[in-house]
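What follows is a set of notes on a single structure, which appears directly below.
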Amino acid sequence: MPPKKPKKQLTKLPDENLKQSAIEREAMLNRFGFIPVSILKISRGRLSSQMFNYQHESDNQRLLVRDPETGVMRSRPGNEFHYSSNRPTASIMPAELVQYFIKYYALPGQVYLDPFMGQGVQMQVAKVLGLDYYGYDCCEEYVRYIEGIVQRIDDGETVIKVNLGDSRKPDQIPDGIGDFSFHSPPYWDIEYYDDSEAQLGYNQTYDDFLQGMEDVARAWMPKFKPGAFHVVNVNDFRRDGIFYPYHADTIKLFQRAGWQMHDTWVIEGLVGGFPRMFAVNKNKTRIAPKIHEYALVFRKPEG
């Protein structure tokens, strides 16, 4: 009979290593509510419901602003917000997604830079988590709205600076201050923002739009500290039957602008309502119903 093979001996970790691992696991659960893995399953919840956002405000609401002469808070004249009757409005950033990436890559007291403020959700979550915030957007109507939110939430404990302007020329942002960014860039002309010529997709081809995005990535590089994290939330899309690999194109343009690719997350759960509803029809045309997005993580090179 052949000799029996000796049983494999399992390596036993020292008790102190097991205890430390348990402590670290508990700390991570307390911080995030789960142990993060590369496919994130995040849903909107209480934090999103607490955010001010443009699309949930009534059409005739007037936001309070401070009278520069008297210091009295009063309604801004003519500050009614309305929806476009014939164009789709922009999507609302989930607050829980912003919260996750701030907690993962940033610390209270650090500086959050945002080249695309959108409806101001990123700004509000940065405030909740104790980060200073500097933002840019070229949509005057959104910026006016965000200024009203600042009046509601600014208690002087953190810095909040919002700027109306072209994100390709962030002249109002000091160099070398940024520790972190998380944002969702524009989607060419898939979503409507406004008709400003500073809109990157305004009367542009897709290639011209990507060049504008590269200009933004390059212009904001000096605004960050070496080693800073820059997280970009994007997804691929179709237009007129043509597939556009936006996340892959975003990686290329950021690398051309000098950013280092650091990591990639796949986000599941925040999209998928319509793809799930029409999954059968999508599959019949040999098109995968997409229920995910990407978070592309870049870093500013050290030194």
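Ligands are numbered from 1 in the order shown, residues from 1 within each chain, and chains are lettered A, B, ... in the order they appear in the structure tokens.
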Non-local contacts of stretch 34-42 of chain A (9 Å; only C-alpha atoms; under 3 positions in same chain excluded) as a PyMOL selection string | chain A and resi 25+28-31+96-97+100+264-270
What's the 7 Å shell around A:Gln199, counting only C-alpha atoms, without same-chain residues fewer than 3 positions away, as a list in words?
-> Cys138, Ser196 and Tyr202 of chain A
From a backbone DSSP assignment, name each residue in stretch 117-250 of chain A labelled helix (DSSP H, G or I), as a PDB file with C-alpha atoms, in the first residue's frame.
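Okay, this is what ended up in out_17.pdb:
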ATOM      1  CA  VAL A 121     -25.945  67.459  -3.132  1.00  0.00           C
ATOM      2  CA  GLN A 122     -22.169  66.966  -2.985  1.00  0.00           C
ATOM      3  CA  MET A 123     -21.824  70.301  -1.205  1.00  0.00           C
ATOM      4  CA  GLN A 124     -24.421  69.360   1.394  1.00  0.00           C
ATOM      5  CA  VAL A 125     -22.890  65.966   2.158  1.00  0.00           C
ATOM      6  CA  ALA A 126     -19.436  67.551   2.425  1.00  0.00           C
ATOM      7  CA  LYS A 127     -20.892  69.924   5.002  1.00  0.00           C
ATOM      8  CA  VAL A 128     -22.510  67.080   6.974  1.00  0.00           C
ATOM      9  CA  GLU A 140     -26.587  79.955 -13.638  1.00  0.00           C
ATOM     10  CA  GLU A 141     -29.973  78.657 -12.529  1.00  0.00           C
ATOM     11  CA  TYR A 142     -28.434  75.811 -10.529  1.00  0.00           C
ATOM     12  CA  VAL A 143     -25.784  78.069  -9.000  1.00  0.00           C
ATOM     13  CA  ARG A 144     -28.425  80.582  -7.924  1.00  0.00           C
ATOM     14  CA  TYR A 145     -30.312  77.725  -6.337  1.00  0.00           C
ATOM     15  CA  ILE A 146     -27.183  76.410  -4.583  1.00  0.00           C
ATOM     16  CA  GLU A 147     -26.457  79.877  -3.217  1.00  0.00           C
ATOM     17  CA  GLY A 148     -29.843  79.694  -1.533  1.00  0.00           C
ATOM     18  CA  ILE A 149     -28.934  76.342   0.018  1.00  0.00           C
ATOM     19  CA  VAL A 150     -25.686  77.833   1.335  1.00  0.00           C
ATOM     20  CA  GLN A 151     -27.752  80.450   3.155  1.00  0.00           C
ATOM     21  CA  ARG A 152     -29.631  77.642   4.891  1.00  0.00           C
ATOM     22  CA  ILE A 153     -26.726  75.410   5.918  1.00  0.00           C
ATOM     23  CA  TYR A 206     -18.742  63.640 -28.890  1.00  0.00           C
ATOM     24  CA  ASP A 207     -15.018  64.018 -29.627  1.00  0.00           C
ATOM     25  CA  ASP A 208     -15.196  67.764 -28.949  1.00  0.00           C
ATOM     26  CA  PHE A 209     -17.043  67.024 -25.716  1.00  0.00           C
ATOM     27  CA  LEU A 210     -14.292  64.618 -24.604  1.00  0.00           C
ATOM     28  CA  GLN A 211     -11.695  67.283 -25.392  1.00  0.00           C
ATOM     29  CA  GLY A 212     -13.599  69.676 -23.131  1.00  0.00           C
ATOM     30  CA  MET A 213     -13.600  67.058 -20.372  1.00  0.00           C
ATOM     31  CA  GLU A 214      -9.849  66.644 -20.805  1.00  0.00           C
ATOM     32  CA  ASP A 215      -9.439  70.410 -20.506  1.00  0.00           C
ATOM     33  CA  VAL A 216     -11.323  70.271 -17.186  1.00  0.00           C
ATOM     34  CA  ALA A 217      -9.207  67.371 -15.877  1.00  0.00           C
ATOM     35  CA  ARG A 218      -6.046  69.258 -16.828  1.00  0.00           C
ATOM     36  CA  ALA A 219      -7.174  72.634 -15.443  1.00  0.00           C
ATOM     37  CA  TRP A 220      -8.080  71.202 -12.026  1.00  0.00           C
ATOM     38  CA  MET A 221      -4.842  69.250 -11.568  1.00  0.00           C
ATOM     39  CA  PRO A 222      -2.955  72.230 -10.016  1.00  0.00           C
ATOM     40  CA  LYS A 223      -5.822  72.807  -7.581  1.00  0.00           C
ATOM     41  CA  TYR A 246     -17.882  56.828 -21.743  1.00  0.00           C
ATOM     42  CA  HIS A 247     -16.143  55.264 -18.750  1.00  0.00           C
ATOM     43  CA  ALA A 248     -13.272  53.971 -20.900  1.00  0.00           C
ATOM     44  CA  ASP A 249     -12.985  57.320 -22.677  1.00  0.00           C
ATOM     45  CA  THR A 250     -12.945  59.103 -19.305  1.00  0.00           C
TER      46      THR A 250
END
Return the single residue from A:Gly109, A:Pro289, A:Gly33, A:Pro115 that is closest to A:Thr158, with distances computed using only C-alpha atoms.
->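 Counting only C-alpha atoms, the residue closest to A:Thr158 is A:Gly109.
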